[in-house]
file input_37.txt (compact mmCIF, C-alpha atoms)
# COMPACT_ATOMS: atom_id res chain seq x y z
CA MET A 1 131.39 93.00 111.28
CA ASN A 2 132.31 90.88 108.29
CA TYR A 3 130.87 92.42 105.13
CA LYS A 4 132.52 89.88 102.79
CA ALA A 5 129.38 87.77 102.50
CA TYR A 6 127.39 90.79 101.38
CA ILE A 7 129.98 92.10 98.93
CA GLU A 8 130.25 88.74 97.15
CA ASN A 9 126.53 88.74 96.33
CA SER A 10 125.39 91.22 93.72
CA PRO A 11 122.10 93.04 94.36
CA GLU A 12 120.62 91.33 91.29
CA ASP A 13 121.17 87.91 92.91
CA MET A 14 119.56 88.88 96.19
CA ILE A 15 116.03 87.87 97.05
CA LEU A 16 113.35 90.08 98.56
CA ARG A 17 114.34 89.13 102.12
CA ASP A 18 117.89 90.37 101.52
CA HIS A 19 116.69 93.70 100.14
CA LEU A 20 114.38 94.13 103.12
CA ALA A 21 117.26 93.34 105.50
CA PHE A 22 119.27 96.15 103.94
CA ASP A 23 116.29 98.48 104.26
CA ARG A 24 116.05 97.60 107.96
CA THR A 25 119.78 98.27 108.34
CA ILE A 26 119.41 101.69 106.73
CA LEU A 27 116.45 102.53 108.96
CA ALA A 28 118.36 101.36 112.06
CA ASN A 29 121.23 103.67 111.12
CA GLU A 30 118.81 106.59 110.78
CA ARG A 31 117.17 105.70 114.09
CA THR A 32 120.57 105.65 115.80
CA GLY A 33 121.39 109.05 114.30
CA LEU A 34 118.14 110.44 115.65
CA ALA A 35 118.94 109.02 119.09
CA TYR A 36 122.28 110.84 119.01
CA ILE A 37 120.48 114.07 118.08
CA ARG A 38 118.00 113.61 120.93
CA THR A 39 120.85 113.03 123.39
CA ILE A 40 122.70 116.10 122.12
CA LEU A 41 119.64 118.31 122.48
CA VAL A 42 118.93 117.13 126.02
CA ALA A 43 122.53 117.58 127.18
CA LEU A 44 122.77 120.99 125.51
CA ALA A 45 119.44 122.20 126.91
CA THR A 46 120.34 120.95 130.38
CA GLY A 47 123.74 122.63 130.31
CA LEU A 48 122.44 125.95 129.01
CA THR A 49 119.57 125.96 131.49
CA ILE A 50 121.90 125.35 134.43
CA ILE A 51 124.27 128.06 133.20
CA LYS A 52 121.43 130.60 132.81
CA LEU A 53 119.58 129.78 136.05
CA PHE A 54 122.57 129.52 138.39
CA PRO A 55 125.27 131.97 137.25
CA GLU A 56 126.50 132.54 140.83
CA ASP A 57 127.04 128.90 141.85
CA THR A 58 130.48 127.76 140.68
CA THR A 59 129.73 124.05 141.08
CA LEU A 60 126.58 124.25 138.98
CA LEU A 61 128.38 126.35 136.37
CA ILE A 62 130.98 123.61 136.04
CA VAL A 63 128.21 121.02 135.69
CA GLY A 64 126.50 123.18 133.07
CA TYR A 65 129.66 123.65 131.03
CA LEU A 66 130.45 119.94 131.32
CA SER A 67 126.99 119.16 129.99
CA VAL A 68 127.54 121.45 127.00
CA PHE A 69 130.94 119.83 126.46
CA VAL A 70 129.37 116.36 126.60
CA ALA A 71 126.82 117.50 124.00
CA ALA A 72 129.62 118.63 121.69
CA ILE A 73 131.54 115.37 122.11
CA THR A 74 128.37 113.35 121.56
CA MET A 75 127.68 115.32 118.40
CA ALA A 76 131.16 114.58 117.04
CA VAL A 77 130.94 110.88 117.89
CA GLY A 78 127.38 110.57 116.57
CA LEU A 79 128.09 112.29 113.26
CA ARG A 80 131.26 110.27 112.74
CA SER A 81 129.50 107.00 113.54
CA HIS A 82 126.48 107.80 111.38
CA PHE A 83 128.41 108.81 108.28
CA LYS A 84 130.96 106.02 108.66
CA PHE A 85 128.23 103.39 108.80
CA GLN A 86 126.31 105.08 105.98
CA GLN A 87 129.44 104.86 103.84
CA LYS A 88 129.81 101.15 104.64
CA ILE A 89 126.19 100.56 103.65
CA ALA A 90 126.74 102.41 100.37
CA THR A 91 129.80 100.33 99.48
CA VAL A 92 128.11 97.03 100.30
CA TYR A 93 124.68 97.65 98.82
CA GLN A 94 124.48 99.34 95.45
CA PRO A 95 121.29 98.36 93.64
CA SER A 96 121.55 98.45 89.87
CA GLN A 97 119.65 101.00 87.81
CA ASN A 98 117.72 98.39 85.81
CA MET A 99 116.00 96.89 88.85
CA THR A 100 112.28 97.61 89.00
CA ALA A 101 109.50 96.66 91.36
CA LYS A 102 106.60 94.68 90.03
CA LYS A 103 103.48 93.46 91.75
CA VAL A 104 102.62 89.78 91.71
CA PRO A 105 99.20 88.60 92.93
CA SER A 106 99.40 85.93 95.61
CA GLU A 107 96.37 84.64 97.51
CA ASN A 108 94.31 87.78 96.81
CA LYS A 109 97.15 90.02 98.04
CA GLU A 110 99.62 91.97 95.96
CA ILE A 111 103.24 91.51 96.98
CA GLU A 112 106.02 93.72 95.65
CA LEU A 113 109.00 91.78 94.35
CA ILE A 114 112.32 93.13 93.19
CA SER A 115 113.30 91.86 89.75
CA GLN A 116 115.53 92.74 86.83

call {"tool": "encode", "arguments": {"input": "input_37.txt", "output": "structure tokens"}}
result
Amino acid sequence: MNYKAYIENSPEDMILRDHLAFDRTILANERTGLAYIRTILVALATGLTIIKLFPEDTTLLIVGYLSVFVAAITMAVGLRSHFKFQQKIATVYQPSQNMTAKKVPSENKEIELISQ
């Protein structure tokens, strides 16, 4: 993905839509991390259950150990992916400390806007 367009714009120049897009990106990264965790837990639980329930069957033991191995590989890939993308987000989007949220009334509704 080309991050150049985002790096050239400072957070102070961005409008509310841009800030919300970054928030959605951060939430999507967290959601993907949780999906990796869910996959790891299912593969690990499946592998350990097979290993415990069928200790005599060699074929099922191999399947159980493969499932545990897949869980470990998925954990490594998921953690790497999550932290790598989190680092990219941090380098692209760094809101300044002097930005505050203020409420502006609009058609009997209060809308939060980001301003300096």

call {"tool": "residues_around", "arguments": {"input": "input_37.txt", "residues": "Gly78 of chain A", "least_positions_apart": "3", "cutoff": "12 Å", "atoms": "only C-alpha atoms", "output": "compact mmCIF listing (two decimals) with C-alpha atoms, in the frame of the given file"}}
result
# COMPACT_ATOMS: atom_id res chain seq x y z
CA ASN A 29 121.23 103.67 111.12
CA GLU A 30 118.81 106.59 110.78
CA ARG A 31 117.17 105.70 114.09
CA THR A 32 120.57 105.65 115.80
CA GLY A 33 121.39 109.05 114.30
CA LEU A 34 118.14 110.44 115.65
CA ALA A 35 118.94 109.02 119.09
CA TYR A 36 122.28 110.84 119.01
CA ILE A 37 120.48 114.07 118.08
CA ARG A 38 118.00 113.61 120.93
CA THR A 39 120.85 113.03 123.39
CA ILE A 40 122.70 116.10 122.12
CA VAL A 70 129.37 116.36 126.60
CA ALA A 71 126.82 117.50 124.00
CA ALA A 72 129.62 118.63 121.69
CA ILE A 73 131.54 115.37 122.11
CA THR A 74 128.37 113.35 121.56
CA MET A 75 127.68 115.32 118.40
CA SER A 81 129.50 107.00 113.54
CA HIS A 82 126.48 107.80 111.38
CA PHE A 83 128.41 108.81 108.28
CA LYS A 84 130.96 106.02 108.66
CA PHE A 85 128.23 103.39 108.80
CA GLN A 86 126.31 105.08 105.98

call {"tool": "closest_residue", "arguments": {"input": "input_37.txt", "among": "A:Ala90, A:Val68, A:Ala76, A:Ile15", "to": "Val42 of chain A", "atoms": "only C-alpha atoms"}}
result
A:Val68

call {"tool": "closest_residue", "arguments": {"input": "input_37.txt", "among": "A:Val92, A:Leu60, A:Leu66, A:Ile51", "to": "Thr25 of chain A", "atoms": "all atoms listed in the file"}}
result
A:Val92

call {"tool": "atom_distance", "arguments": {"input": "input_37.txt", "atom1": "atom CA of Leu27 of chain A", "atom2": "atom CA of Leu79 of chain A"}}
result
15.8 Å

call {"tool": "atom_distance", "arguments": {"input": "input_37.txt", "atom1": "atom CA of Ile89 of chain A", "atom2": "atom CA of Ala28 of chain A"}}
result
11.5 Å

call {"tool": "residues_around", "arguments": {"input": "input_37.txt", "residues": "Phe69 of chain A", "least_positions_apart": "5", "cutoff": "9 Å", "atoms": "all atoms listed in the file", "output": "ChimeraX atom specification"}}
result
/A:43-44,47,64,74

call {"tool": "write_last_selection", "arguments": {"input": "input_37.txt", "atoms": "C-alpha atoms", "output": "compact mmCIF listing (two decimals), in the coordinates of the input"}}
result
# COMPACT_ATOMS: atom_id res chain seq x y z
CA ALA A 43 122.53 117.58 127.18
CA LEU A 44 122.77 120.99 125.51
CA GLY A 47 123.74 122.63 130.31
CA GLY A 64 126.50 123.18 133.07
CA THR A 74 128.37 113.35 121.56

call {"tool": "residues_around", "arguments": {"input": "input_37.txt", "residues": "Ile50 of chain A", "least_positions_apart": "5", "cutoff": "9 Å", "atoms": "all atoms listed in the file", "output": "MDAnalysis selection string"}}
result
chainID A and resid 45 55 60:61 63:65

call {"tool": "atom_distance", "arguments": {"input": "input_37.txt", "atom1": "atom CA of Thr46 of chain A", "atom2": "atom CA of Ser67 of chain A"}}
result
6.9 Å
